[in-house]
Amino acid sequence: MARIADDSDFEALKRLVDNHDGWTLELSKSDTEVYTRPVPGCNFNMVKIHTEFADVTADIVFDVLHDPDYRKVWDSHMLASEEIGILNVNNDVGYYAMSCPPPLKPRDFVLQRSWLDTGPQGEQMLLSRSVPHKNYPPKKGYVRAMSYITGFVLRTNENSKTGCILKYVAHCDPQGTLPPWLVNKVTHTLGPRMVKDLKKAALGYASWKQTQPHLRKPWRFPEEIRCPRISIDDCLDTVTVPLALPPATGSTKSAPQQQQSQPSTQQQPAATQRKLPQLKTQTNGRVLPILHKKAQSTPASPVVEEAKFLKREGELKEKALDEKRKDEKKKLKEPPKDAKAKESKESLKSTKELEKEAKAAAKESKKLSKAAAKEAAAAESALAKKEKKEKGLTKRRSLLNLKF
């Protein structure tokens with residue numbers, strides 16, 4: 001179930017990105033370091049990245065990570081993005097879909113984000129994880145992936161007035177049929193590429209923002225929020241298995257007491273696979289306990305919820321009526337299939353009749369031509385006979401006129 005993050009969650013995130021115990025350095029290139037760490041009971045490794053941006057401030061990077069309009073510009077893997085709603089001024093829920101190399105199906109997520117800005121010269125943190133939502137079940141054509149944790153910690157670089165230090169950690173399960181060894185191999189090579197894209201986007205953000213019709217930043221100024229308020233109850237319960245985080249400094253003595261106070265979590269088997277019925281997926285790992293304390297969310301007003309429901313119901317009715325009107329117009333414009341079939345049959349019949357008439361006319365013309373030929377031949381023969389007869393008569397007359 002989605003839950004409002006508190007200060008202890010962000011403290012745990014800072015311990016996770018700063019503490020290198022149990023981590024393996026996979027890549028060290030220029031100002032970027034990539035670490036990985038296996039997770040007990042899960043086949044997919046956790047990845048962590050440390051990098052420095054010499055000419056980009058922490059404020060700019062924080063804005064780039066938040067701005068949904070700018071993400072459409074620089075995120076080449078994004079297929080769809082939607083703001084579902086806010087839980088409070090520092091927590092929201094959104095939908096994100098991304099492309100994968102063929103022949104893999106695209107992946108999508110429903111994510112809850114929590115953020116904290118400690119002010120100038122301080123730290124800026126962003127924390128997200130997968131949550132279910134009743135209005136966003138798994139979609140056809142997409143594989144619903146799981147993000148157990150994705151976190152950013154931004155700090156101002158003391159050695160540079162315009163630079164910042166970025167620390168990133170992520171643990172995801174892409175779901176589907178991808179082999180874990182392949183995912184683990186690719187993860188630490190994709191990290192530097194993601195950092196490079198983020199830096200390029202941060203360098204162009206200020207100029208891009210000036211060209212927009214509005215300069216709103218609701219993640220910094222709550223009065224500019226336009227996203228609808230949603231209830232935390234809209235995010236359904238999921239089965240989670242907590243995983244121990246690095247303890248805070250100076251708290252090693254109290255670790256046994258914490259284990260005694262939470263016997264139910266310690267009795268879980270190490271390598272069990274949990275089923276998430278609401279998401280209709282089979283997970284291969286456990287959920288990190290970054291968000292491990294229950295916090296109370298501000299319940300939405302029942303009057304407001306009822307008004308929203310009535311408004312939505314009315315919109316649905318209007319949409320249904322519009323679709324019905326469109327269907328009726330189409331029916332009026334297009335003749336029915338029976339009429340079309342009848343017309344086609346009649347046209348075929350008329351063509352056949354015309355062909356028959358043409359054949360009959362051809363036959364009659366042949367007969368007439370033959371009769372005309374016969375008449376002409378008879379006339380010629382009669383004429384020839386007449387001429388012959390006249391020649392015979394003239395010959396006889398000439399003979400009679402002869403004088404002996």
# chains A, B, ... in the order shown; residues from 1 in each chain; ligands from 1

$ residues_around --residues "Cys235 (chain A)" --least-positions-apart "3" --cutoff "10 Å" --atoms "only C-alpha atoms" --output "number ranges by chain"
A: 1-3, 93, 110, 112, 131-136, 230-232, 238, 278

$ write_last_selection --atoms "N, CA and C atoms" --output "PDB file, in the first residue's frame"
ATOM      1  N   MET A   1       0.845  -1.206   0.000  1.00  0.00           N
ATOM      2  CA  MET A   1       0.000   0.000   0.000  1.00  0.00           C
ATOM      3  C   MET A   1       0.873   1.246   0.000  1.00  0.00           C
ATOM      4  N   ALA A   2       0.479   2.264  -0.741  1.00  0.00           N
ATOM      5  CA  ALA A   2       1.214   3.525  -0.765  1.00  0.00           C
ATOM      6  C   ALA A   2       1.193   4.154   0.620  1.00  0.00           C
ATOM      7  N   ARG A   3       2.272   4.861   0.947  1.00  0.00           N
ATOM      8  CA  ARG A   3       2.390   5.443   2.269  1.00  0.00           C
ATOM      9  C   ARG A   3       3.205   6.713   2.181  1.00  0.00           C
ATOM     10  N   VAL A  93       1.443  10.207  -7.313  1.00  0.00           N
ATOM     11  CA  VAL A  93       1.399   8.899  -7.962  1.00  0.00           C
ATOM     12  C   VAL A  93       1.259   9.136  -9.457  1.00  0.00           C
ATOM     13  N   VAL A 110       3.536   1.890 -12.268  1.00  0.00           N
ATOM     14  CA  VAL A 110       2.754   2.849 -11.494  1.00  0.00           C
ATOM     15  C   VAL A 110       3.605   3.175 -10.273  1.00  0.00           C
ATOM     16  N   GLN A 112       4.876   5.706  -6.946  1.00  0.00           N
ATOM     17  CA  GLN A 112       4.659   6.774  -5.963  1.00  0.00           C
ATOM     18  C   GLN A 112       5.986   7.483  -5.750  1.00  0.00           C
ATOM     19  N   VAL A 131       3.718   1.068  -6.807  1.00  0.00           N
ATOM     20  CA  VAL A 131       2.502   0.831  -6.016  1.00  0.00           C
ATOM     21  C   VAL A 131       1.397   0.447  -6.994  1.00  0.00           C
ATOM     22  N   PRO A 132       0.436  -0.344  -6.566  1.00  0.00           N
ATOM     23  CA  PRO A 132      -0.720  -0.603  -7.430  1.00  0.00           C
ATOM     24  C   PRO A 132      -1.732   0.532  -7.321  1.00  0.00           C
ATOM     25  N   HIS A 133      -2.577   0.647  -8.317  1.00  0.00           N
ATOM     26  CA  HIS A 133      -3.660   1.626  -8.278  1.00  0.00           C
ATOM     27  C   HIS A 133      -4.890   1.002  -8.911  1.00  0.00           C
ATOM     28  N   LYS A 134      -6.033   1.219  -8.301  1.00  0.00           N
ATOM     29  CA  LYS A 134      -7.256   0.529  -8.736  1.00  0.00           C
ATOM     30  C   LYS A 134      -7.674   0.912 -10.154  1.00  0.00           C
ATOM     31  N   ASN A 135      -7.312   2.118 -10.609  1.00  0.00           N
ATOM     32  CA  ASN A 135      -7.711   2.555 -11.953  1.00  0.00           C
ATOM     33  C   ASN A 135      -6.635   2.297 -13.006  1.00  0.00           C
ATOM     34  N   TYR A 136      -5.520   1.697 -12.609  1.00  0.00           N
ATOM     35  CA  TYR A 136      -4.420   1.440 -13.539  1.00  0.00           C
ATOM     36  C   TYR A 136      -3.920   0.008 -13.396  1.00  0.00           C
ATOM     37  N   ILE A 230      -5.837  12.649  -4.731  1.00  0.00           N
ATOM     38  CA  ILE A 230      -6.333  11.276  -4.665  1.00  0.00           C
ATOM     39  C   ILE A 230      -6.174  10.747  -3.246  1.00  0.00           C
ATOM     40  N   SER A 231      -6.933   9.715  -2.945  1.00  0.00           N
ATOM     41  CA  SER A 231      -6.870   9.095  -1.631  1.00  0.00           C
ATOM     42  C   SER A 231      -5.822   7.999  -1.627  1.00  0.00           C
ATOM     43  N   ILE A 232      -5.168   7.841  -0.512  1.00  0.00           N
ATOM     44  CA  ILE A 232      -4.153   6.793  -0.374  1.00  0.00           C
ATOM     45  C   ILE A 232      -4.796   5.403  -0.417  1.00  0.00           C
ATOM     46  N   THR A 238      -0.353  -4.664  -1.081  1.00  0.00           N
ATOM     47  CA  THR A 238       0.524  -5.640  -1.723  1.00  0.00           C
ATOM     48  C   THR A 238       1.286  -6.398  -0.645  1.00  0.00           C
ATOM     49  N   GLN A 278      -2.779  -8.338  -6.781  1.00  0.00           N
ATOM     50  CA  GLN A 278      -3.402  -7.155  -7.372  1.00  0.00           C
ATOM     51  C   GLN A 278      -2.708  -6.747  -8.668  1.00  0.00           C
TER      52      GLN A 278
END

$ residues_around --residues "Ala145 (chain A)" --least-positions-apart "4" --cutoff "6 Å" --atoms "only C-alpha atoms" --output "ChimeraX atom specification"
/A:107-109,174-175

$ write_last_selection --atoms "all heavy atoms" --output "mmCIF file, in the first residue's frame"
data_model
loop_
_atom_site.group_PDB
_atom_site.id
_atom_site.type_symbol
_atom_site.label_atom_id
_atom_site.label_comp_id
_atom_site.auth_asym_id
_atom_site.auth_seq_id
_atom_site.Cartn_x
_atom_site.Cartn_y
_atom_site.Cartn_z
ATOM 1 N N ARG A 107 7.762 -1.971 -21.135
ATOM 2 C CA ARG A 107 7.450 -2.080 -19.700
ATOM 3 C C ARG A 107 6.713 -0.833 -19.238
ATOM 4 O O ARG A 107 6.928 0.263 -19.783
ATOM 5 C CB ARG A 107 8.738 -2.222 -18.877
ATOM 6 C CG ARG A 107 9.144 -3.653 -18.534
ATOM 7 C CD ARG A 107 9.354 -4.534 -19.697
ATOM 8 N NE ARG A 107 9.742 -5.888 -19.292
ATOM 9 C CZ ARG A 107 9.861 -6.898 -20.104
ATOM 10 N NH1 ARG A 107 9.602 -6.726 -21.388
ATOM 11 N NH2 ARG A 107 10.221 -8.099 -19.670
ATOM 12 N N ASP A 108 5.869 -0.997 -18.220
ATOM 13 C CA ASP A 108 5.220 0.167 -17.614
ATOM 14 C C ASP A 108 5.219 0.034 -16.098
ATOM 15 O O ASP A 108 5.363 -1.062 -15.548
ATOM 16 C CB ASP A 108 3.807 0.382 -18.170
ATOM 17 C CG ASP A 108 2.861 -0.758 -17.832
ATOM 18 O OD1 ASP A 108 3.312 -1.803 -17.318
ATOM 19 O OD2 ASP A 108 1.644 -0.614 -18.073
ATOM 20 N N PHE A 109 5.074 1.186 -15.432
ATOM 21 C CA PHE A 109 5.130 1.268 -13.978
ATOM 22 C C PHE A 109 4.004 2.165 -13.476
ATOM 23 O O PHE A 109 3.591 3.103 -14.172
ATOM 24 C CB PHE A 109 6.449 1.889 -13.499
ATOM 25 C CG PHE A 109 7.697 1.162 -13.923
ATOM 26 C CD1 PHE A 109 8.235 1.353 -15.197
ATOM 27 C CD2 PHE A 109 8.349 0.306 -13.055
ATOM 28 C CE1 PHE A 109 9.388 0.706 -15.587
ATOM 29 C CE2 PHE A 109 9.515 -0.348 -13.435
ATOM 30 C CZ PHE A 109 10.032 -0.153 -14.702
ATOM 31 N N PRO A 174 12.359 -6.290 -13.933
ATOM 32 C CA PRO A 174 11.660 -5.991 -15.188
ATOM 33 C C PRO A 174 10.519 -6.943 -15.502
ATOM 34 O O PRO A 174 9.757 -6.699 -16.435
ATOM 35 C CB PRO A 174 12.771 -6.101 -16.239
ATOM 36 C CG PRO A 174 13.765 -7.034 -15.641
ATOM 37 C CD PRO A 174 13.715 -6.802 -14.155
ATOM 38 N N GLN A 175 10.390 -8.021 -14.736
ATOM 39 C CA GLN A 175 9.360 -9.034 -14.966
ATOM 40 C C GLN A 175 9.537 -9.680 -16.344
ATOM 41 O O GLN A 175 10.547 -9.498 -17.010
ATOM 42 C CB GLN A 175 7.957 -8.434 -14.821
ATOM 43 C CG GLN A 175 7.648 -7.911 -13.424
ATOM 44 C CD GLN A 175 7.557 -9.015 -12.385
ATOM 45 O OE1 GLN A 175 7.086 -10.105 -12.647
ATOM 46 N NE2 GLN A 175 8.043 -8.735 -11.184
#

$ atom_distance --atom1 "CA of Thr187 (chain A)" --atom2 "CA of Tyr168 (chain A)"
12.9 Å

$ residues_around --residues "Phe152 (chain A)" --least-positions-apart "6" --cutoff "10 Å" --atoms "only C-alpha atoms" --output "list in words"
Leu13, Lys14, Val17, Lys48, Ile49, Phe62, Leu65, Trp115, Gln124, Met125, Leu126, Leu127, Ser128, Leu166, Lys167, Tyr168, Val169 and Ala170 of chain A

$ select_by_dssp --residues "region 37-236 of chain A" --states "helix (DSSP H, G or I)" --output "MDAnalysis selection string"
chainID A and resid 58:66 68:74 180:210 222:224 232:234

$ residues_around --residues "Asn159 (chain A)" --least-positions-apart "4" --cutoff "10 Å" --atoms "only C-alpha atoms" --output "VMD selection string"
chain A and resid 54 163 to 164

$ atom_distance --atom1 "CA of Val34 (chain A)" --atom2 "CA of Val195 (chain A)"
10.8 Å

$ atom_distance --atom1 "CA of Lys366 (chain A)" --atom2 "CA of Leu383 (chain A)"
25.3 Å

$ residues_around --residues "Ala206 (chain A)" --least-positions-apart "2" --cutoff "12 Å" --atoms "only C-alpha atoms" --output "number ranges by chain"
A: 56-57, 59-61, 63-64, 67, 70, 200-204, 208-212, 215

$ residues_around --residues "His77 (chain A)" --least-positions-apart "2" --cutoff "10 Å" --atoms "only C-alpha atoms" --output "MDAnalysis selection string"
chainID A and resid 72 74:75 79:80 97:101 106

$ write_last_selection --atoms "N, CA, C and O atoms" --output "PDB file, in the first residue's frame"
ATOM      1  N   LYS A  72       9.240  14.658 -21.755  1.00  0.00           N
ATOM      2  CA  LYS A  72       8.833  14.253 -23.103  1.00  0.00           C
ATOM      3  C   LYS A  72       9.851  14.671 -24.149  1.00  0.00           C
ATOM      4  O   LYS A  72       9.908  14.099 -25.232  1.00  0.00           O
ATOM      5  N   TRP A  74      13.429  15.051 -23.484  1.00  0.00           N
ATOM      6  CA  TRP A  74      14.760  14.452 -23.386  1.00  0.00           C
ATOM      7  C   TRP A  74      14.757  12.939 -23.161  1.00  0.00           C
ATOM      8  O   TRP A  74      15.753  12.265 -23.450  1.00  0.00           O
ATOM      9  N   ASP A  75      13.653  12.366 -22.679  1.00  0.00           N
ATOM     10  CA  ASP A  75      13.609  10.924 -22.405  1.00  0.00           C
ATOM     11  C   ASP A  75      13.181  10.187 -23.677  1.00  0.00           C
ATOM     12  O   ASP A  75      11.995  10.099 -24.005  1.00  0.00           O
ATOM     13  N   LEU A  79       7.352   6.122 -23.580  1.00  0.00           N
ATOM     14  CA  LEU A  79       6.233   5.949 -24.499  1.00  0.00           C
ATOM     15  C   LEU A  79       4.994   6.707 -24.031  1.00  0.00           C
ATOM     16  O   LEU A  79       4.222   7.205 -24.838  1.00  0.00           O
ATOM     17  N   ALA A  80       4.792   6.746 -22.708  1.00  0.00           N
ATOM     18  CA  ALA A  80       3.621   7.442 -22.146  1.00  0.00           C
ATOM     19  C   ALA A  80       3.927   7.840 -20.715  1.00  0.00           C
ATOM     20  O   ALA A  80       4.720   7.192 -20.029  1.00  0.00           O
ATOM     21  N   ALA A  97       5.436   4.562 -18.964  1.00  0.00           N
ATOM     22  CA  ALA A  97       5.670   3.433 -19.870  1.00  0.00           C
ATOM     23  C   ALA A  97       6.915   3.723 -20.691  1.00  0.00           C
ATOM     24  O   ALA A  97       7.126   4.852 -21.145  1.00  0.00           O
ATOM     25  N   MET A  98       7.741   2.693 -20.890  1.00  0.00           N
ATOM     26  CA  MET A  98       9.003   2.861 -21.595  1.00  0.00           C
ATOM     27  C   MET A  98       9.188   1.754 -22.628  1.00  0.00           C
ATOM     28  O   MET A  98       8.652   0.652 -22.499  1.00  0.00           O
ATOM     29  N   SER A  99       9.933   2.078 -23.682  1.00  0.00           N
ATOM     30  CA  SER A  99      10.211   1.106 -24.736  1.00  0.00           C
ATOM     31  C   SER A  99      11.382   0.219 -24.337  1.00  0.00           C
ATOM     32  O   SER A  99      12.217   0.588 -23.518  1.00  0.00           O
ATOM     33  N   CYS A 100      11.421  -0.971 -24.956  1.00  0.00           N
ATOM     34  CA  CYS A 100      12.518  -1.910 -24.761  1.00  0.00           C
ATOM     35  C   CYS A 100      13.016  -2.343 -26.134  1.00  0.00           C
ATOM     36  O   CYS A 100      12.259  -2.319 -27.111  1.00  0.00           O
ATOM     37  N   PRO A 101      14.281  -2.780 -26.222  1.00  0.00           N
ATOM     38  CA  PRO A 101      14.781  -3.237 -27.526  1.00  0.00           C
ATOM     39  C   PRO A 101      13.980  -4.438 -28.015  1.00  0.00           C
ATOM     40  O   PRO A 101      13.622  -5.320 -27.232  1.00  0.00           O
ATOM     41  N   PRO A 106       7.319  -3.609 -24.331  1.00  0.00           N
ATOM     42  CA  PRO A 106       7.564  -2.433 -23.495  1.00  0.00           C
ATOM     43  C   PRO A 106       7.124  -2.674 -22.053  1.00  0.00           C
ATOM     44  O   PRO A 106       6.239  -3.476 -21.788  1.00  0.00           O
TER      45      PRO A 106
END
